[in-house]
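Accompanying notes for the structure given below.
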Amino acid sequence: MQLTGKTIGLVFLGGAVGAGARFSIATIAQPSVDVQQLGTAAANILAWGQLWPVLLVNLLGVAMLAYVNYSPRFGEAARAFLGAGFCGAFTTMSAVSLMLIVLASPQLGGGPLTALVLHFILGVAIYMGVKSLNQRGGAR
(Lines give C-alpha, C1' and ligand atoms only; values in the text may rest on other atoms or scores of the structure.)
Protein backbone atom coordinates (compact mmCIF):
# COMPACT_ATOMS: atom_id res chain seq x y z
CA MET A 1 0.00 0.00 0.00
CA GLN A 2 1.48 3.31 -1.08
CA LEU A 3 1.38 6.17 1.39
CA THR A 4 -0.42 8.95 -0.44
CA GLY A 5 -2.74 11.72 0.69
CA LYS A 6 -5.70 9.71 -0.60
CA THR A 7 -4.60 6.60 1.31
CA ILE A 8 -4.13 8.55 4.53
CA GLY A 9 -7.56 10.13 4.12
CA LEU A 10 -9.18 6.74 3.53
CA VAL A 11 -7.50 5.26 6.61
CA PHE A 12 -8.64 8.18 8.77
CA LEU A 13 -12.19 8.03 7.41
CA GLY A 14 -12.35 4.25 7.90
CA GLY A 15 -10.96 4.70 11.41
CA ALA A 16 -13.67 7.18 12.28
CA VAL A 17 -16.38 4.82 11.06
CA GLY A 18 -14.80 1.82 12.81
CA ALA A 19 -14.41 3.64 16.13
CA GLY A 20 -18.01 4.85 15.87
CA ALA A 21 -19.21 1.29 15.23
CA ARG A 22 -17.27 -0.07 18.22
CA PHE A 23 -18.57 2.74 20.45
CA SER A 24 -22.13 1.98 19.32
CA ILE A 25 -21.80 -1.71 20.13
CA ALA A 26 -20.21 -0.93 23.51
CA THR A 27 -23.02 1.50 24.31
CA ILE A 28 -25.73 -0.99 23.37
CA ALA A 29 -24.07 -3.77 25.37
CA GLN A 30 -23.47 -1.62 28.44
CA PRO A 31 -25.92 -2.29 31.27
CA SER A 32 -27.64 0.71 32.84
CA VAL A 33 -26.31 0.18 36.35
CA ASP A 34 -24.49 2.64 38.60
CA VAL A 35 -21.26 0.72 39.18
CA GLN A 36 -20.22 3.01 42.05
CA GLN A 37 -23.19 1.81 44.11
CA LEU A 38 -22.17 -1.83 43.69
CA GLY A 39 -19.68 -3.63 45.86
CA THR A 40 -16.27 -4.57 44.45
CA ALA A 41 -17.23 -8.18 43.68
CA ALA A 42 -20.46 -7.13 41.94
CA ALA A 43 -18.59 -4.47 39.92
CA ASN A 44 -16.03 -7.08 38.83
CA ILE A 45 -18.76 -9.48 37.73
CA LEU A 46 -20.48 -6.67 35.82
CA ALA A 47 -17.16 -5.82 34.12
CA TRP A 48 -16.71 -9.53 33.29
CA GLY A 49 -19.99 -9.36 31.37
CA GLN A 50 -18.56 -6.48 29.35
CA LEU A 51 -15.64 -8.59 28.14
CA TRP A 52 -17.83 -10.70 25.85
CA PRO A 53 -18.98 -7.81 23.63
CA VAL A 54 -15.30 -6.84 23.25
CA LEU A 55 -14.50 -10.43 22.26
CA LEU A 56 -17.31 -10.36 19.69
CA VAL A 57 -16.11 -7.05 18.22
CA ASN A 58 -12.52 -8.27 18.01
CA LEU A 59 -13.47 -11.54 16.34
CA LEU A 60 -15.74 -9.79 13.83
CA GLY A 61 -12.95 -7.32 13.12
CA VAL A 62 -10.31 -9.99 12.59
CA ALA A 63 -12.62 -11.93 10.25
CA MET A 64 -13.30 -8.79 8.24
CA LEU A 65 -9.59 -7.91 8.13
CA ALA A 66 -8.69 -11.34 6.78
CA TYR A 67 -11.47 -11.13 4.20
CA VAL A 68 -10.38 -7.68 3.03
CA ASN A 69 -6.68 -8.61 2.94
CA TYR A 70 -7.06 -11.86 1.01
CA SER A 71 -10.10 -11.36 -1.20
CA PRO A 72 -9.32 -10.38 -4.79
CA ARG A 73 -12.46 -8.22 -4.71
CA PHE A 74 -10.74 -5.39 -2.84
CA GLY A 75 -8.26 -2.92 -4.25
CA GLU A 76 -5.76 -0.72 -2.44
CA ALA A 77 -8.31 1.99 -1.62
CA ALA A 78 -10.77 -0.46 -0.08
CA ARG A 79 -7.97 -2.13 1.89
CA ALA A 80 -6.89 1.24 3.27
CA PHE A 81 -10.44 2.21 4.27
CA LEU A 82 -11.68 -1.18 5.51
CA GLY A 83 -8.49 -2.91 6.64
CA ALA A 84 -6.18 -0.35 8.20
CA GLY A 85 -8.92 2.19 8.93
CA PHE A 86 -12.17 0.48 9.88
CA CYS A 87 -10.78 -2.79 11.30
CA GLY A 88 -7.90 -1.01 13.02
CA ALA A 89 -10.28 1.25 14.93
CA PHE A 90 -13.12 -1.27 15.30
CA THR A 91 -10.99 -3.86 17.12
CA THR A 92 -9.50 -3.07 20.49
CA MET A 93 -6.73 -4.66 22.48
CA SER A 94 -6.59 -1.79 24.95
CA ALA A 95 -10.12 -2.57 26.18
CA VAL A 96 -9.14 -6.22 26.66
CA SER A 97 -6.06 -5.20 28.64
CA LEU A 98 -8.00 -2.76 30.82
CA MET A 99 -10.76 -5.27 31.52
CA LEU A 100 -8.26 -7.97 32.42
CA ILE A 101 -6.70 -5.62 34.96
CA VAL A 102 -10.12 -4.75 36.37
CA LEU A 103 -11.11 -8.39 36.42
CA ALA A 104 -8.02 -9.67 38.18
CA SER A 105 -9.94 -10.55 41.31
CA PRO A 106 -9.95 -13.77 43.31
CA GLN A 107 -13.78 -14.00 43.03
CA LEU A 108 -13.59 -14.58 39.28
CA GLY A 109 -10.96 -17.29 39.30
CA GLY A 110 -9.56 -18.14 35.87
CA GLY A 111 -12.24 -16.27 33.90
CA PRO A 112 -10.05 -13.36 32.75
CA LEU A 113 -7.29 -15.71 31.63
CA THR A 114 -9.87 -17.76 29.72
CA ALA A 115 -11.09 -14.63 27.95
CA LEU A 116 -7.54 -13.64 27.01
CA VAL A 117 -6.79 -17.10 25.63
CA LEU A 118 -10.06 -17.02 23.67
CA HIS A 119 -9.13 -13.66 22.15
CA PHE A 120 -5.83 -14.95 20.86
CA ILE A 121 -6.71 -18.52 19.89
CA LEU A 122 -10.04 -17.70 18.27
CA GLY A 123 -8.62 -14.57 16.66
CA VAL A 124 -5.77 -16.42 14.99
CA ALA A 125 -8.03 -19.36 14.04
CA ILE A 126 -10.64 -17.08 12.45
CA TYR A 127 -8.04 -15.06 10.58
CA MET A 128 -6.34 -18.17 9.20
CA GLY A 129 -9.68 -19.79 8.35
CA VAL A 130 -10.95 -16.77 6.40
CA LYS A 131 -7.57 -16.43 4.70
CA SER A 132 -7.66 -20.08 3.67
CA LEU A 133 -11.22 -19.80 2.34
CA ASN A 134 -10.31 -16.74 0.28
CA GLN A 135 -7.20 -18.35 -1.14
CA ARG A 136 -9.11 -21.50 -2.15
CA GLY A 137 -11.90 -19.44 -3.68
CA GLY A 138 -9.44 -17.20 -5.52
CA ALA A 139 -7.58 -20.18 -6.99
CA ARG A 140 -10.57 -21.40 -9.00
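By order in the C-alpha coordinates, chains are A, B, ...; within a chain, residues start at 1; ligands start at 1, following the order shown.
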
Range 83-86 of chain A: which residues within 9 Å, counting only C-alpha atoms, same-chain residues fewer than 4 positions away excluded, as a list in words?
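In the requested form, the answer reads Leu10, Val11, Phe12, Leu13, Gly14, Gly15, Ala16, Val17, Gly18, Ala19, Ala21, Gly61, Met64, Leu65, Ala66, Val68, Asn69, Ala78, Arg79, Phe90 and Thr91 of chain A.
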
Between A:Gly129, A:Pro53, A:Gly9, A:Pro72, which residue has the minimum interatomic distance to Thr92 in chain A, considering only C-alpha atoms?
A:Pro53

Taking only C-alpha atoms into account, name the residue in A:Ala29, A:Leu82, A:Met1, A:Ala63 that is nearest to Leu51 in chain A.
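Using only C-alpha atoms, Leu51 in chain A sits closest to A:Ala29.
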
Which residue out of A:Val96, A:Cys87, A:Leu113, A:Leu118 has the minimum interatomic distance to Gly20 in chain A when only C-alpha atoms are used?
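Smallest distance to Gly20 in chain A is found for A:Cys87.
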
In terms of the shortest atom-to-atom distance over only C-alpha atoms, which of A:Ile8, A:Val124, A:Gln2, A:Val54 is closest to Thr27 in chain A?
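Closest to Thr27 in chain A, using only C-alpha atoms: A:Val54.
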
All residues 8 Å or closer to Tyr70 in chain A, only C-alpha atoms, same chain fewer than 5 positions away omitted, as a list in words:
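The filter keeps Lys131, Asn134 and Gln135 of chain A.
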
Running DSSP on the backbone, which parts of range 41-91 of chain A land in alpha helix (DSSP H), as a PyMOL selection string?
chain A and resi 41-70+76-78+88-90

Selection file, N, CA and C atoms, as an mmCIF file, in the first residue's frame:
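Below is the file that was written, selection27.cif:
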```
data_model
loop_
_atom_site.group_PDB
_atom_site.id
_atom_site.type_symbol
_atom_site.label_atom_id
_atom_site.label_comp_id
_atom_site.auth_asym_id
_atom_site.auth_seq_id
_atom_site.Cartn_x
_atom_site.Cartn_y
_atom_site.Cartn_z
ATOM 1 N N ALA A 41 -16.995 -6.895 44.350
ATOM 2 C CA ALA A 41 -17.232 -8.175 43.679
ATOM 3 C C ALA A 41 -18.305 -8.030 42.603
ATOM 4 N N ALA A 42 -19.392 -7.325 42.921
ATOM 5 C CA ALA A 42 -20.464 -7.134 41.937
ATOM 6 C C ALA A 42 -19.973 -6.308 40.755
ATOM 7 N N ALA A 43 -19.146 -5.287 41.005
ATOM 8 C CA ALA A 43 -18.593 -4.470 39.918
ATOM 9 C C ALA A 43 -17.692 -5.307 39.023
ATOM 10 N N ASN A 44 -16.898 -6.204 39.619
ATOM 11 C CA ASN A 44 -16.029 -7.079 38.828
ATOM 12 C C ASN A 44 -16.847 -8.017 37.953
ATOM 13 N N ILE A 45 -17.910 -8.566 38.502
ATOM 14 C CA ILE A 45 -18.756 -9.476 37.728
ATOM 15 C C ILE A 45 -19.449 -8.726 36.600
ATOM 16 N N LEU A 46 -19.879 -7.491 36.867
ATOM 17 C CA LEU A 46 -20.483 -6.669 35.825
ATOM 18 C C LEU A 46 -19.462 -6.396 34.724
ATOM 19 N N ALA A 47 -18.219 -6.064 35.103
ATOM 20 C CA ALA A 47 -17.165 -5.818 34.118
ATOM 21 C C ALA A 47 -16.876 -7.087 33.318
ATOM 22 N N TRP A 48 -16.919 -8.252 33.974
ATOM 23 C CA TRP A 48 -16.709 -9.532 33.288
ATOM 24 C C TRP A 48 -17.731 -9.703 32.173
ATOM 25 N N GLY A 49 -18.959 -9.288 32.403
ATOM 26 C CA GLY A 49 -19.992 -9.361 31.373
ATOM 27 C C GLY A 49 -19.710 -8.439 30.204
ATOM 28 N N GLN A 50 -18.919 -7.403 30.429
ATOM 29 C CA GLN A 50 -18.561 -6.481 29.354
ATOM 30 C C GLN A 50 -17.436 -7.017 28.476
ATOM 31 N N LEU A 51 -16.747 -8.031 28.931
ATOM 32 C CA LEU A 51 -15.643 -8.586 28.143
ATOM 33 C C LEU A 51 -16.151 -9.328 26.913
ATOM 34 N N TRP A 52 -17.312 -9.920 26.980
ATOM 35 C CA TRP A 52 -17.829 -10.700 25.849
ATOM 36 C C TRP A 52 -18.184 -9.842 24.644
ATOM 37 N N PRO A 53 -18.793 -8.652 24.816
ATOM 38 C CA PRO A 53 -18.985 -7.808 23.626
ATOM 39 C C PRO A 53 -17.656 -7.399 22.978
ATOM 40 N N VAL A 54 -16.619 -7.175 23.789
ATOM 41 C CA VAL A 54 -15.300 -6.838 23.247
ATOM 42 C C VAL A 54 -14.753 -8.023 22.453
ATOM 43 N N LEU A 55 -14.936 -9.235 22.975
ATOM 44 C CA LEU A 55 -14.502 -10.430 22.256
ATOM 45 C C LEU A 55 -15.231 -10.533 20.922
ATOM 46 N N LEU A 56 -16.529 -10.304 20.916
ATOM 47 C CA LEU A 56 -17.306 -10.363 19.686
ATOM 48 C C LEU A 56 -16.814 -9.329 18.670
ATOM 49 N N VAL A 57 -16.604 -8.105 19.109
ATOM 50 C CA VAL A 57 -16.112 -7.047 18.218
ATOM 51 C C VAL A 57 -14.751 -7.430 17.644
ATOM 52 N N ASN A 58 -13.852 -7.908 18.485
ATOM 53 C CA ASN A 58 -12.516 -8.271 18.012
ATOM 54 C C ASN A 58 -12.552 -9.432 17.019
ATOM 55 N N LEU A 59 -13.404 -10.410 17.267
ATOM 56 C CA LEU A 59 -13.474 -11.545 16.341
ATOM 57 C C LEU A 59 -14.125 -11.149 15.021
ATOM 58 N N LEU A 60 -15.147 -10.312 15.072
ATOM 59 C CA LEU A 60 -15.740 -9.794 13.825
ATOM 60 C C LEU A 60 -14.707 -8.978 13.049
ATOM 61 N N GLY A 61 -13.965 -8.155 13.765
ATOM 62 C CA GLY A 61 -12.946 -7.324 13.122
ATOM 63 C C GLY A 61 -11.840 -8.133 12.479
ATOM 64 N N VAL A 62 -11.391 -9.173 13.151
ATOM 65 C CA VAL A 62 -10.308 -9.989 12.590
ATOM 66 C C VAL A 62 -10.804 -10.780 11.378
ATOM 67 N N ALA A 63 -12.052 -11.236 11.402
ATOM 68 C CA ALA A 63 -12.617 -11.935 10.247
ATOM 69 C C ALA A 63 -12.720 -10.983 9.049
ATOM 70 N N MET A 64 -13.180 -9.775 9.314
ATOM 71 C CA MET A 64 -13.297 -8.791 8.235
ATOM 72 C C MET A 64 -11.923 -8.418 7.689
ATOM 73 N N LEU A 65 -10.945 -8.251 8.563
ATOM 74 C CA LEU A 65 -9.593 -7.909 8.129
ATOM 75 C C LEU A 65 -9.017 -8.995 7.223
ATOM 76 N N ALA A 66 -9.185 -10.242 7.610
ATOM 77 C CA ALA A 66 -8.690 -11.344 6.778
ATOM 78 C C ALA A 66 -9.404 -11.361 5.425
ATOM 79 N N TYR A 67 -10.705 -11.138 5.445
ATOM 80 C CA TYR A 67 -11.470 -11.135 4.198
ATOM 81 C C TYR A 67 -10.997 -10.014 3.271
ATOM 82 N N VAL A 68 -10.824 -8.827 3.827
ATOM 83 C CA VAL A 68 -10.381 -7.679 3.026
ATOM 84 C C VAL A 68 -8.965 -7.894 2.509
ATOM 85 N N ASN A 69 -8.079 -8.425 3.341
ATOM 86 C CA ASN A 69 -6.683 -8.609 2.943
ATOM 87 C C ASN A 69 -6.491 -9.679 1.875
ATOM 88 N N TYR A 70 -7.325 -10.724 1.883
ATOM 89 C CA TYR A 70 -7.063 -11.861 1.006
ATOM 90 C C TYR A 70 -8.100 -12.057 -0.089
ATOM 91 N N GLU A 76 -6.551 -1.435 -3.452
ATOM 92 C CA GLU A 76 -5.764 -0.723 -2.438
ATOM 93 C C GLU A 76 -6.607 0.280 -1.641
ATOM 94 N N ALA A 77 -7.499 0.982 -2.316
ATOM 95 C CA ALA A 77 -8.312 1.987 -1.621
ATOM 96 C C ALA A 77 -9.239 1.323 -0.603
ATOM 97 N N ALA A 78 -9.875 0.239 -1.002
ATOM 98 C CA ALA A 78 -10.769 -0.464 -0.078
ATOM 99 C C ALA A 78 -9.991 -1.078 1.080
ATOM 100 N N GLY A 88 -8.861 -1.484 12.028
ATOM 101 C CA GLY A 88 -7.895 -1.014 13.017
ATOM 102 C C GLY A 88 -8.552 -0.276 14.174
ATOM 103 N N ALA A 89 -9.593 0.498 13.876
ATOM 104 C CA ALA A 89 -10.284 1.248 14.929
ATOM 105 C C ALA A 89 -11.422 0.446 15.563
ATOM 106 N N PHE A 90 -11.998 -0.461 14.807
ATOM 107 C CA PHE A 90 -13.118 -1.269 15.305
ATOM 108 C C PHE A 90 -12.648 -2.247 16.371
#
```
